[in-house]
$ cat entry.tsv   # TSV, C-alpha atoms
chain	number	residue	atom	x	y	z
X	1	MET	CA	0.00	0.00	0.00
X	2	ASN	CA	1.46	3.39	-0.99
X	3	LYS	CA	1.65	6.38	1.33
X	4	THR	CA	-1.29	8.18	-0.31
X	5	ALA	CA	-3.65	5.22	0.14
X	6	PHE	CA	-2.49	4.76	3.74
X	7	ALA	CA	-3.15	8.43	4.49
X	8	ILE	CA	-6.67	8.21	3.02
X	9	LEU	CA	-7.49	5.15	5.15
X	10	ALA	CA	-6.20	6.91	8.26
X	11	VAL	CA	-8.41	9.94	7.58
X	12	LEU	CA	-11.45	7.69	7.01
X	13	SER	CA	-10.83	5.81	10.26
X	14	ILE	CA	-10.60	9.04	12.24
X	15	SER	CA	-13.79	10.35	10.58
X	16	ILE	CA	-15.72	7.18	11.44
X	17	ALA	CA	-14.51	7.29	15.05
X	18	LEU	CA	-15.50	10.95	15.40
X	19	ALA	CA	-18.93	10.24	13.91
X	20	ALA	CA	-19.48	7.37	16.36
X	21	ASP	CA	-18.48	9.56	19.29
X	22	PHE	CA	-20.81	12.31	18.08
X	23	ASN	CA	-23.75	9.95	17.63
X	24	SER	CA	-23.16	8.41	21.05
X	25	GLY	CA	-22.99	11.84	22.62
X	26	ALA	CA	-26.08	12.97	20.76
X	27	PHE	CA	-27.98	9.88	21.95
X	28	SER	CA	-26.95	10.52	25.57
X	29	ALA	CA	-27.94	14.15	25.19
X	30	ARG	CA	-31.37	13.12	23.87
X	31	GLN	CA	-31.81	10.79	26.86
X	32	ARG	CA	-30.90	13.57	29.28
X	33	SER	CA	-33.19	15.97	27.44
X	34	ALA	CA	-36.15	13.56	27.58
X	35	HIS	CA	-35.59	13.01	31.31
X	36	SER	CA	-35.35	16.76	31.88
X	37	ARG	CA	-38.59	17.35	29.96
X	38	SER	CA	-40.34	14.77	32.13
X	39	LEU	CA	-39.06	16.37	35.33
X	40	GLY	CA	-40.01	19.80	34.01
X	41	ARG	CA	-43.49	18.68	33.06
X	42	TYR	CA	-44.14	17.07	36.42
X	43	PRO	CA	-41.90	18.67	39.06
X	44	TRP	CA	-41.67	17.38	42.62
X	45	LYS	CA	-44.06	18.90	45.15
X	46	THR	CA	-42.04	18.90	48.34
X	47	SER	CA	-42.82	18.69	52.06
X	48	ILE	CA	-46.47	17.76	51.63
X	49	VAL	CA	-48.35	16.62	54.72
X	50	THR	CA	-49.43	13.08	53.92
X	51	THR	CA	-52.08	10.96	55.63
X	52	VAL	CA	-53.06	7.31	55.32
X	53	PHE	CA	-56.50	6.23	54.10
X	54	TRP	CA	-57.89	2.89	52.96
X	55	ILE	CA	-60.67	1.37	50.94
X	56	GLY	CA	-63.59	0.58	53.23
X	57	GLU	CA	-62.55	3.16	55.85
X	58	GLN	CA	-65.45	4.32	58.02
X	59	PRO	CA	-66.08	8.06	58.57
X	60	SER	CA	-64.44	9.79	61.54
X	61	ALA	CA	-63.94	13.32	62.87
X	62	ASN	CA	-60.96	13.89	60.57
X	63	ASN	CA	-62.37	11.84	57.72
X	64	PRO	CA	-66.05	12.74	57.34
X	65	VAL	CA	-66.50	10.84	54.05
X	66	PRO	CA	-66.53	7.01	54.15
X	67	ASN	CA	-64.26	5.28	51.65
X	68	ARG	CA	-66.68	2.60	50.50
X	69	THR	CA	-66.88	4.58	47.28
X	70	SER	CA	-64.42	6.85	45.50
X	71	SER	CA	-64.97	9.92	43.34
X	72	TRP	CA	-64.72	7.65	40.30
X	73	ASP	CA	-65.97	4.27	41.53
X	74	LYS	CA	-69.33	3.88	43.28
X	75	GLN	CA	-68.50	0.24	44.11
X	76	TRP	CA	-64.90	0.82	45.16
X	77	THR	CA	-64.78	-1.65	48.07
X	78	ARG	CA	-66.52	-4.37	46.07
X	79	ASN	CA	-64.36	-3.84	43.00
X	80	TYR	CA	-61.21	-3.85	45.12
X	81	GLY	CA	-62.27	-7.15	46.65
X	82	GLY	CA	-62.90	-6.12	50.24
X	83	PHE	CA	-61.79	-4.02	53.20
X	84	ASP	CA	-58.15	-2.94	52.81
X	85	ASP	CA	-57.40	-3.50	56.50
X	86	PRO	CA	-54.63	-1.06	57.55
X	87	ASN	CA	-53.68	-3.05	60.66
X	88	PRO	CA	-50.08	-4.22	60.09
X	89	ALA	CA	-50.93	-7.51	61.81
X	90	SER	CA	-53.53	-8.14	59.11
X	91	ARG	CA	-51.17	-7.48	56.19
X	92	ARG	CA	-48.35	-9.37	54.51
X	93	ASN	CA	-46.20	-8.35	51.54
X	94	TYR	CA	-48.06	-5.03	51.27
X	95	VAL	CA	-51.55	-6.58	50.91
X	96	PRO	CA	-54.28	-7.74	53.31
X	97	VAL	CA	-53.99	-11.41	54.25
X	98	LYS	CA	-57.71	-12.17	53.89
X	99	PHE	CA	-57.97	-11.68	50.11
X	100	THR	CA	-55.99	-10.80	47.00
X	101	PRO	CA	-56.88	-7.27	45.86
X	102	ARG	CA	-58.45	-7.02	42.41
X	103	GLN	CA	-57.07	-3.49	42.03
X	104	ASN	CA	-53.61	-2.09	42.65
X	105	PRO	CA	-53.09	-1.90	46.45
X	106	PHE	CA	-50.67	0.98	45.87
X	107	TYR	CA	-53.15	3.83	45.48
X	108	CYS	CA	-53.45	7.46	46.52
X	109	ALA	CA	-55.79	10.44	46.55
X	110	LEU	CA	-55.21	14.05	45.53
X	111	PRO	CA	-57.63	16.95	46.07
X	112	TYR	CA	-58.97	17.26	42.54
X	113	ASN	CA	-61.72	15.54	40.56
X	114	ASP	CA	-61.82	16.27	36.83
X	115	LYS	CA	-65.36	14.89	36.51
X	116	ALA	CA	-68.54	16.92	36.88
X	117	ARG	CA	-72.09	15.59	37.21
X	118	THR	CA	-72.09	15.34	33.45
X	119	GLY	CA	-68.86	15.49	31.50
X	120	HIS	CA	-65.79	17.14	32.94
X	121	ARG	CA	-65.21	20.28	34.97
X	122	PRO	CA	-64.89	23.29	32.64
X	123	GLU	CA	-61.25	23.91	33.55
X	124	ALA	CA	-60.17	20.25	33.21
X	125	PRO	CA	-59.14	20.36	29.51
X	126	ARG	CA	-56.98	23.37	30.31
X	127	VAL	CA	-55.36	22.34	33.60
X	128	VAL	CA	-54.95	18.54	33.37
X	129	PRO	CA	-51.65	18.24	31.43
X	130	TRP	CA	-52.51	14.92	29.77
X	131	PHE	CA	-56.23	15.59	29.24
X	132	GLN	CA	-56.24	15.34	25.45
X	133	GLU	CA	-54.16	12.17	25.26
X	134	ALA	CA	-56.17	10.45	28.03
X	135	TYR	CA	-59.67	11.56	26.96
X	136	GLN	CA	-62.07	8.64	26.43
X	137	GLY	CA	-65.38	10.47	26.41
X	138	PRO	CA	-67.44	12.55	28.85
X	139	ALA	CA	-68.12	9.68	31.27
X	140	VAL	CA	-64.50	8.71	31.92
X	141	SER	CA	-62.07	10.47	34.27
X	142	THR	CA	-58.72	11.43	32.77
X	143	CYS	CA	-57.15	11.39	36.26
X	144	LYS	CA	-58.16	7.95	37.56
X	145	ASP	CA	-55.32	5.38	37.49
X	146	ARG	CA	-52.64	7.99	36.74
X	147	TRP	CA	-49.21	7.08	38.21
X	148	VAL	CA	-47.67	9.10	41.03
X	149	ALA	CA	-44.19	8.86	42.56
X	150	ILE	CA	-44.13	9.37	46.34
X	151	ARG	CA	-40.80	9.97	48.06
X	152	LYS	CA	-39.73	9.71	51.70
X	153	GLY	CA	-36.01	10.17	52.26
X	154	ASN	CA	-34.19	8.11	49.65
X	155	ARG	CA	-37.07	5.68	49.06
X	156	ILE	CA	-39.74	6.10	46.35
X	157	ALA	CA	-43.06	4.28	46.04
X	158	TYR	CA	-45.26	4.36	42.95
X	159	ALA	CA	-49.03	4.47	43.25
X	160	GLN	CA	-52.08	5.02	41.08
X	161	TRP	CA	-54.42	7.95	41.62
X	162	GLU	CA	-57.78	6.44	42.62
X	163	ASP	CA	-59.72	9.07	44.59
X	164	ALA	CA	-60.13	12.79	45.17
X	165	GLY	CA	-59.11	14.19	48.55
X	166	PRO	CA	-58.22	14.81	51.29
X	167	PHE	CA	-61.17	17.11	51.99
X	168	ARG	CA	-61.20	19.02	48.69
X	169	THR	CA	-61.93	17.92	45.14
X	170	ASP	CA	-61.38	21.22	43.31
X	171	HIS	CA	-57.86	22.38	44.15
X	172	TRP	CA	-56.30	22.12	40.70
X	173	GLN	CA	-54.04	25.09	41.47
X	174	TYR	CA	-52.15	22.83	43.88
X	175	VAL	CA	-52.44	19.48	42.10
X	176	PHE	CA	-51.33	20.84	38.73
X	177	GLY	CA	-49.95	24.24	39.68
X	178	ASN	CA	-47.70	25.94	42.21
X	179	GLU	CA	-50.07	26.53	45.15
X	180	ARG	CA	-49.64	24.74	48.46
X	181	PRO	CA	-52.43	22.61	49.97
X	182	LYS	CA	-55.15	24.53	51.78
X	183	PRO	CA	-55.48	24.35	55.59
X	184	ASN	CA	-57.67	21.48	56.80
X	185	LEU	CA	-58.36	19.27	59.81
X	186	ASN	CA	-55.34	17.07	59.02
X	187	LYS	CA	-52.63	19.72	59.36
X	188	GLY	CA	-53.04	20.89	55.78
X	189	ALA	CA	-52.67	17.42	54.27
X	190	GLY	CA	-52.38	17.43	50.49
X	191	LEU	CA	-51.98	13.72	49.81
X	192	ASP	CA	-53.65	10.51	51.01
X	193	VAL	CA	-51.83	7.21	50.54
X	194	SER	CA	-52.85	3.58	50.96
X	195	PRO	CA	-51.54	1.23	53.66
X	196	SER	CA	-49.28	-0.38	51.04
X	197	VAL	CA	-47.58	2.94	50.32
X	198	ARG	CA	-47.34	3.59	54.06
X	199	ASP	CA	-45.64	0.27	54.67
X	200	TYR	CA	-43.23	0.57	51.74
X	201	LEU	CA	-42.10	4.05	52.80
X	202	GLY	CA	-42.32	3.48	56.55
X	203	LEU	CA	-44.76	6.36	57.09
X	204	LYS	CA	-46.59	7.36	60.22
X	205	GLN	CA	-50.36	7.96	60.10
X	206	THR	CA	-49.57	11.62	59.46
X	207	ASP	CA	-46.22	12.27	57.86
X	208	VAL	CA	-44.48	14.45	55.26
X	209	THR	CA	-43.51	13.32	51.75
X	210	ASP	CA	-42.68	14.64	48.30
X	211	TRP	CA	-44.66	13.58	45.24
X	212	ARG	CA	-44.93	14.12	41.52
X	213	PHE	CA	-46.79	12.69	38.55
X	214	VAL	CA	-44.85	10.28	36.36
X	215	ASP	CA	-45.43	8.83	32.92
X	216	PHE	CA	-45.81	5.07	32.98
X	217	SER	CA	-42.53	4.70	31.09
X	218	GLU	CA	-40.78	6.08	34.20
X	219	VAL	CA	-42.30	3.56	36.63
X	220	PRO	CA	-39.92	0.72	37.54
X	221	GLY	CA	-41.08	-2.71	38.53
X	222	GLY	CA	-41.80	-3.24	42.21
X	223	PRO	CA	-44.50	-4.42	44.60
X	224	TRP	CA	-46.86	-1.96	42.86
X	225	SER	CA	-46.54	-3.75	39.51
X	226	SER	CA	-48.05	-7.19	40.18
X	227	LEU	CA	-51.72	-6.81	41.17
X	228	GLY	CA	-54.87	-5.13	39.92
X	229	GLU	CA	-57.16	-5.10	36.93
X	230	ASN	CA	-56.53	-1.34	36.73
X	231	ASN	CA	-52.75	-1.79	36.92
X	232	THR	CA	-50.93	-0.73	33.75
X	233	PHE	CA	-48.30	-3.43	34.26
X	234	VAL	CA	-50.96	-6.15	34.49
X	235	ILE	CA	-52.90	-4.77	31.52
X	236	ASN	CA	-49.79	-4.65	29.34
X	237	ASN	CA	-48.74	-8.18	30.33
X	238	ARG	CA	-52.16	-9.51	29.37
X	239	LYS	CA	-51.93	-7.79	25.99
X	240	LYS	CA	-48.52	-9.36	25.41
X	241	ALA	CA	-49.88	-12.80	26.36
X	242	VAL	CA	-52.76	-12.44	23.89
X	243	LYS	CA	-50.36	-11.47	21.09
X	244	ALA	CA	-48.10	-14.41	21.93
X	245	ASP	CA	-51.05	-16.80	21.55

$ encode --input "entry.tsv" --output "structure tokens"
Amino acid sequence: MNKTAFAILAVLSISIALAADFNSGAFSARQRSAHSRSLGRYPWKTSIVTTVFWIGEQPSANNPVPNRTSSWDKQWTRNYGGFDDPNPASRRNYVPVKFTPRQNPFYCALPYNDKARTGHRPEAPRVVPWFQEAYQGPAVSTCKDRWVAIRKGNRIAYAQWEDAGPFRTDHWQYVFGNERPKPNLNKGAGLDVSPSVRDYLGLKQTDVTDWRFVDFSEVPGGPWSSLGENNTFVINNRKKAVKAD
């Protein structure tokens, strides 16, 4: 091989290496950018007073509304499969020992309901960030089953949004905006979590956590990914099984 040919090959090798480095860097940059967009779209809401509630809970002084039903499910207890007993002695592996829940036991409530008596609240299409992509008609909530990350210290649980509360169902300025929760009987609580979330994060009955909405693509596998007819993990696995058949 003469010197000219050798020089050309050397230049080509360097060019290919530089292109590979550029493409790798560009790919990493796109990954970082996508992650940043997700964090920017759904930022953490920090230091939120958090209380524990459960399906089948009876009304009390600080919880005037019984949890037999939810804002979006008039047969919530029945559809869940029973009373989600919060007593640690009556639970094992984040679920009650008496039955296997038919819905995701990792659930939460936030003080907004996008549904009205008929259709949706007038502000919902404007304030719910995913309203258009999640819309399935006037009878269906665009908020129900949405995934939420809940953080205590260095531990994060993932839950699905299944009810409106505590206390309020209209505070979109907090849920989707920058306002803080309004004062209430539970020390200004702005988030209710299920016994499963409590146990995973080691929460007290009234505690303080951070939370944010997450796209399903951000939710890792965990104890929240195995149970429930409303669970995105379960739904997707069933679809894959049907395609495989």

$ residues_around --input "entry.tsv" --residues "segment 78-86 of chain X" --least-positions-apart "2" --cutoff "12 Å" --atoms "only C-alpha atoms" --output "PyMOL selection string"
chain X and resi 52-58+67-70+72-76+88-92+94-107+162+193-199+204-205+227-231

$ atom_distance --input "entry.tsv" --atom1 "atom CA of Asp145 of chain X" --atom2 "atom CA of Asn237 of chain X"
16.7 Å

$ residues_around --input "entry.tsv" --residues "Gly153 of chain X" --least-positions-apart "3" --cutoff "10 Å" --atoms "all atoms listed in the file" --output "PyMOL selection string"
chain X and resi 156+201+208-210

$ atom_distance --input "entry.tsv" --atom1 "atom CA of Ala189 of chain X" --atom2 "atom CA of Thr51 of chain X"
6.6 Å

$ atom_distance --input "entry.tsv" --atom1 "atom CA of Ile48 of chain X" --atom2 "atom CA of Leu191 of chain X"
7.1 Å

$ residues_near_point --input "entry.tsv" --point "(-58.3, 16.1, 30.9)" --cutoff "12 Å" --atoms "all atoms listed in the file" --output "MDAnalysis selection string"
chainID X and resid 112:116 119:144 146 172 176
